[in-house]
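Next comes data_32.txt, a file with compact mmCIF, C-alpha atoms and all ligand atoms.
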# COMPACT_ATOMS: atom_id res chain seq x y z
CA MET A 499 -8.15 -22.06 14.30
CA THR A 500 -4.39 -22.12 14.73
CA PRO A 501 -2.73 -19.91 17.36
CA ARG A 502 -1.40 -17.75 14.51
CA GLU A 503 -4.89 -17.29 13.06
CA LEU A 504 -6.30 -16.42 16.49
CA PHE A 505 -3.47 -13.97 17.13
CA ASN A 506 -3.92 -12.27 13.75
CA GLU A 507 -7.66 -12.01 14.16
CA LYS A 508 -7.50 -10.54 17.70
CA ARG A 509 -4.62 -8.18 16.95
CA GLY A 510 -6.17 -7.28 13.57
CA SER A 511 -9.49 -6.37 15.26
CA SER A 512 -7.66 -4.09 17.71
CA VAL A 513 -5.84 -2.32 14.87
CA VAL A 514 -9.13 -2.00 12.93
CA ARG A 515 -10.73 -0.24 15.93
CA ASN A 516 -7.76 2.12 16.18
CA LEU A 517 -7.88 2.87 12.43
CA GLN A 518 -11.62 3.59 12.69
CA GLY A 519 -10.92 5.95 15.60
CA ARG A 520 -8.68 7.95 13.22
CA GLY A 521 -11.36 8.26 10.51
CA PHE A 522 -10.31 5.35 8.28
CA ASP A 523 -12.86 2.82 7.10
CA ALA A 524 -11.27 -0.45 8.12
CA CYS A 525 -11.96 -4.16 8.29
CA TYR A 526 -10.14 -7.44 8.84
CA CYS A 527 -10.24 -10.32 6.33
CA LYS A 528 -8.83 -13.76 7.02
CA THR A 529 -7.52 -14.38 3.51
CA GLY A 530 -6.35 -12.54 0.43
CA GLU A 531 -9.34 -13.92 -1.46
CA GLU A 532 -11.75 -12.37 1.08
CA ALA A 533 -9.81 -9.11 0.89
CA LYS A 534 -10.13 -9.06 -2.89
CA GLU A 535 -13.92 -9.56 -2.65
CA LYS A 536 -14.17 -6.81 -0.02
CA ALA A 537 -12.23 -4.34 -2.19
CA LEU A 538 -14.40 -5.19 -5.22
CA GLU A 539 -17.49 -4.58 -3.06
CA TRP A 540 -16.14 -1.09 -2.29
CA ILE A 541 -15.19 -0.17 -5.88
CA ARG A 542 -18.07 1.19 -7.97
CA GLU A 543 -18.48 -0.57 -11.31
CA GLY A 544 -17.49 1.67 -14.22
CA ALA A 545 -15.26 3.85 -12.02
CA SER A 546 -11.72 4.93 -12.86
CA VAL A 547 -9.17 2.93 -10.88
CA ALA A 548 -5.42 3.34 -10.57
CA TRP A 549 -2.80 1.71 -8.36
CA GLY A 550 0.71 2.00 -7.04
CA GLY A 551 3.52 -0.55 -7.23
CA SER A 552 2.15 -2.78 -4.48
CA MET A 553 2.79 -6.53 -4.68
CA THR A 554 -0.10 -7.24 -2.29
CA ILE A 555 -2.88 -6.00 -4.59
CA ARG A 556 -1.37 -8.04 -7.41
CA ASP A 557 -0.81 -11.19 -5.32
CA ILE A 558 -4.43 -11.35 -4.12
CA GLY A 559 -5.66 -11.07 -7.73
CA LEU A 560 -7.27 -7.64 -7.28
CA THR A 561 -5.56 -5.87 -10.19
CA LYS A 562 -6.34 -8.83 -12.50
CA ALA A 563 -10.02 -8.78 -11.48
CA LEU A 564 -10.20 -5.03 -12.20
CA ASP A 565 -8.42 -5.47 -15.55
CA GLU A 566 -10.96 -8.09 -16.52
CA GLY A 567 -13.97 -6.23 -15.12
CA ASN A 568 -16.00 -3.21 -16.10
CA TYR A 569 -13.67 -0.46 -14.86
CA GLN A 570 -11.61 2.36 -16.39
CA VAL A 571 -8.19 1.10 -15.39
CA ILE A 572 -5.21 3.47 -15.40
CA ASP A 573 -2.14 1.23 -15.38
CA ARG A 574 1.25 2.95 -15.50
CA ASP A 575 2.95 -0.39 -16.14
CA LYS A 576 1.21 -0.70 -19.51
CA ALA A 577 2.55 2.64 -20.75
CA ALA A 578 4.74 2.24 -23.84
CA THR A 579 6.77 5.45 -23.46
CA ALA A 580 8.09 7.65 -20.66
CA GLU A 581 5.54 10.32 -21.67
CA GLU A 582 2.66 7.83 -21.42
CA LYS A 583 3.95 6.68 -18.04
CA GLN A 584 4.05 10.25 -16.76
CA LYS A 585 0.53 10.90 -18.07
CA ALA A 586 -0.78 7.73 -16.37
CA ALA A 587 0.83 8.84 -13.08
CA MET A 588 -0.85 12.25 -13.39
CA ASP A 589 -4.21 10.70 -14.35
CA ALA A 590 -3.98 8.40 -11.31
CA LEU A 591 -4.13 11.47 -9.08
CA SER A 592 -7.66 12.21 -10.25
CA ALA A 593 -8.91 8.60 -10.36
CA GLU A 594 -11.98 7.73 -8.32
CA TYR A 595 -10.11 4.90 -6.60
CA PHE A 596 -6.41 4.46 -5.91
CA LEU A 597 -5.17 1.10 -4.63
CA THR A 598 -2.01 0.52 -2.67
CA SER A 599 -0.59 -1.29 0.33
CA ALA A 600 1.34 0.22 3.24
CA ASN A 601 4.97 -0.31 4.19
CA GLY A 602 4.12 -0.30 7.87
CA ILE A 603 1.05 0.07 10.10
CA SER A 604 1.33 0.83 13.80
CA GLU A 605 -0.91 -0.95 16.29
CA ASP A 606 -2.43 2.43 17.13
CA GLY A 607 -3.61 2.80 13.53
CA GLN A 608 -1.14 4.99 11.62
CA LEU A 609 0.06 4.22 8.10
CA VAL A 610 3.67 4.64 6.99
CA ASN A 611 4.79 4.64 3.37
CA VAL A 612 8.12 5.22 1.66
CA ASP A 613 8.39 6.25 -1.99
CA GLY A 614 10.97 6.99 -4.65
CA ASN A 615 9.19 9.23 -7.17
CA GLY A 616 6.41 10.24 -4.79
CA ASN A 617 3.45 9.45 -7.04
CA ARG A 618 2.13 6.78 -4.65
CA VAL A 619 2.38 8.86 -1.49
CA ALA A 620 0.94 11.86 -3.38
CA ALA A 621 -2.18 9.82 -4.21
CA ILE A 622 -2.54 8.70 -0.60
CA VAL A 623 -2.37 12.32 0.61
CA PHE A 624 -4.70 14.02 -1.88
CA GLY A 625 -6.38 13.55 -5.25
CA PRO A 626 -8.21 10.26 -5.72
CA LYS A 627 -11.70 10.29 -4.21
CA TYR A 628 -10.99 7.04 -2.37
CA VAL A 629 -7.83 5.18 -1.46
CA ILE A 630 -7.99 1.46 -0.68
CA VAL A 631 -5.06 0.06 1.31
CA VAL A 632 -4.68 -3.73 1.45
CA ALA A 633 -2.05 -4.96 3.89
CA GLY A 634 -1.06 -8.32 5.34
CA MET A 635 -0.67 -8.58 9.11
CA ASN A 636 3.10 -8.84 8.52
CA LYS A 637 2.96 -5.04 7.99
CA VAL A 638 1.63 -4.38 11.51
CA VAL A 639 4.21 -3.32 14.12
CA ARG A 640 4.04 -1.86 17.60
CA THR A 641 4.65 1.89 17.07
CA VAL A 642 4.74 4.43 14.26
CA GLY A 643 8.51 4.60 14.82
CA ASP A 644 8.70 0.83 14.30
CA ALA A 645 6.64 1.26 11.10
CA MET A 646 9.18 3.80 9.84
CA VAL A 647 12.01 1.39 10.70
CA ARG A 648 10.17 -1.41 8.90
CA ALA A 649 9.69 0.77 5.80
CA ARG A 650 13.39 1.68 5.68
CA THR A 651 14.98 -1.63 6.73
CA VAL A 652 12.59 -4.27 5.39
CA ALA A 653 10.19 -2.93 2.74
CA ALA A 654 12.67 -0.78 0.79
CA PRO A 655 15.65 -3.22 0.74
CA LEU A 656 13.26 -6.07 -0.11
CA ASN A 657 11.67 -4.05 -2.92
CA GLN A 658 15.11 -3.27 -4.27
CA GLN A 659 15.64 -7.00 -4.80
CA ARG A 660 13.02 -6.75 -7.57
CA PHE A 661 13.99 -3.31 -8.94
CA LEU A 662 17.76 -4.02 -8.65
CA LYS A 663 18.57 -0.30 -8.65
CA ASN A 664 22.02 1.06 -7.91
CA THR A 665 21.75 1.45 -4.12
CA PRO A 666 23.63 -0.07 -1.15
CA CYS A 667 20.63 -2.15 -0.01
CA THR A 668 20.38 -3.83 -3.41
CA VAL A 669 23.85 -5.28 -2.79
CA THR A 670 23.85 -5.86 0.97
CA GLY A 671 20.15 -6.17 1.89
CA VAL A 672 20.79 -3.51 4.53
CA CYS A 673 19.83 0.17 4.32
CA GLY A 674 22.90 2.37 3.80
CA ASP A 675 20.89 5.59 4.28
CA CYS A 676 21.85 6.46 0.71
CA ARG A 677 21.49 9.59 -1.41
CA SER A 678 21.73 7.62 -4.63
CA PRO A 679 19.90 8.94 -7.72
CA GLU A 680 18.14 5.55 -7.68
CA CYS A 681 17.12 5.72 -4.01
CA ILE A 682 13.52 4.66 -3.40
CA CYS A 683 13.32 6.31 0.04
CA ASN A 684 12.96 9.95 -1.01
CA GLN A 685 9.53 10.52 0.49
CA LEU A 686 8.42 9.21 3.88
CA LEU A 687 4.73 9.60 4.64
CA THR A 688 2.92 9.07 7.92
CA THR A 689 -0.86 9.14 7.64
CA ARG A 690 -1.99 9.85 11.20
CA ASN A 691 -5.68 10.43 10.49
CA CYS A 692 -8.02 10.14 7.52
CA ARG A 693 -9.67 13.36 6.37
CA PRO A 694 -12.32 13.42 5.07
CA ALA A 695 -13.35 10.46 7.19
CA GLY A 696 -13.87 7.32 5.13
CA ARG A 697 -11.73 8.48 2.17
CA ILE A 698 -9.04 5.91 2.98
CA LYS A 699 -10.23 2.35 3.44
CA VAL A 700 -7.89 -0.19 5.00
CA ILE A 701 -8.25 -3.95 4.63
CA LEU A 702 -6.01 -5.91 7.01
CA VAL A 703 -5.41 -9.48 5.92
CA GLY A 704 -4.52 -12.39 8.18
CA GLU A 705 -1.78 -13.59 5.82
CA GLU A 706 1.78 -12.63 5.00
CA LEU A 707 1.48 -10.45 1.89
CA GLY A 708 3.79 -8.11 0.01
CA TYR A 709 6.95 -6.43 1.28
S1 LIG A 801 20.02 2.12 0.89
FE1 LIG A 801 18.88 3.82 0.00
S2 LIG A 801 17.27 2.87 -1.25
FE2 LIG A 801 18.08 1.31 0.12
S3 LIG A 801 16.71 1.32 1.89
FE3 LIG A 801 18.43 2.68 2.37
S4 LIG A 801 17.80 4.74 1.74
FE4 LIG A 801 16.40 3.26 0.78
What does the file become when written as structure tokens?
Amino acid sequence: MTPRELFNEKRGSSVVRNLQGRGFDACYCKTGEEAKEKALEWIREGASVAWGGSMTIRDIGLTKALDEGNYQVIDRDKAATAEEKQKAAMDALSAEYFLTSANGISEDGQLVNVDGNGNRVAAIVFGPKYVIVVAGMNKVVRTVGDAMVRARTVAAPLNQQRFLKNTPCTVTGVCGDCRSPECICNQLLTTRNCRPAGRIKVILVGEELGY
């Protein structure tokens, strides 16, 4: 094993223990491929599954596997009209499984997420029976404050490079603490504990994934 792999595995195991102490189901996987298999193990065949705008779950091939498998997929991105998109977002809130990543995870096991419309953070808080969070070790930082800083100064400006919305960070790469109508930092969610225990399942991955 390389020093990086050893570091990720040891640090990942510590974070997993801290997540478990807060009621999350949690595990560490070395690779995105292992993480995909673990998530598929957790998701009941035939169940309704929805997801947020995470790159991680796409990059590890999880959304593709679900699309091709025996699941009732609710995919907002396939909606043809604004009305269909809104309906898919509403339906996602009552899906059996909701998949997402996190914008930051503190070493003591708290999740931080930032959202524009709020549909993703809403699903993390309440609605779907289970939430599965897949996150690369690049999302892990020291404190919950650092996770908030990461969400606002790395995840959001980086995400804006794909959305290219009219915000300061799209132009400069730096958060301008904007109030733009196209701001994607309208909702900031810290998930301190998981209640009911086991509803949120976190898979940490020993690779750099997502934003
Ligand atoms: S400039 Fe606006 S959209 Fe960009 S990171 Fe800052 S608050 Fe978020």
**OP:** All residues within 12 Å of ligand LIG 801 (chain A) are required, counting only C-alpha atoms and all ligand atoms; please report them as a PyMOL selection string.
**Re:** chain A and resi 611-615+646-659+661-686
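Between CA of Val571 in chain A and CA of Ser546 in chain A the separation is 5.8 Å.
With distances restricted to all atoms listed in the file, A:Ala633 is the closest residue to Ile558 in chain A from A:Met499, A:Ala620, A:Ala633, A:Val514.
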Original post:
Any idea what's packed within 9 Å of range 593-605 of chain A, counting only C-alpha atoms, ignoring anything in its chain fewer than 6 positions away? Could you give it as a PyMOL selection string?
Top reply: chain A and resi 509-510+512-514+516-517+541-542+545-555+561+572+611-612+618+621-622+625-650+652-654+700+708-709
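Between CA of Lys583 in chain A and CA of Lys534 in chain A there is a distance of 26.0 Å.
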Original post:
Could you state the separation of CA of Ser511 in chain A and CA of Leu702 in chain A in Å, given to one decimal place?
Top reply: 9.0 Å
**OP:** For each of A:Ile701, A:Ser592, A:Glu582, A:Arg690, take the minimum atom-to-atom distance to Glu535 in chain A, counting all atoms listed in the file, then give the residue where this is smallest.
**Re:** A:Ile701
**OP:** Could you check which of A:Ala578, A:Ala563, A:Leu609, A:Leu504 is closest to Thr688 in chain A, using only C-alpha atoms?
**Re:** A:Leu609
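The shortest atom-to-atom distance to Asn691 in chain A, with all atoms listed in the file taken into account, belongs to A:Asp606 out of A:Asp589, A:Asp606, A:Asp557, A:Glu566.
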Original post:
Taking all atoms listed in the file into account, which of A:Asn506, A:Lys562, A:Glu539, A:Val610 comes nearest Cys527 in chain A?
Top reply: A:Asn506
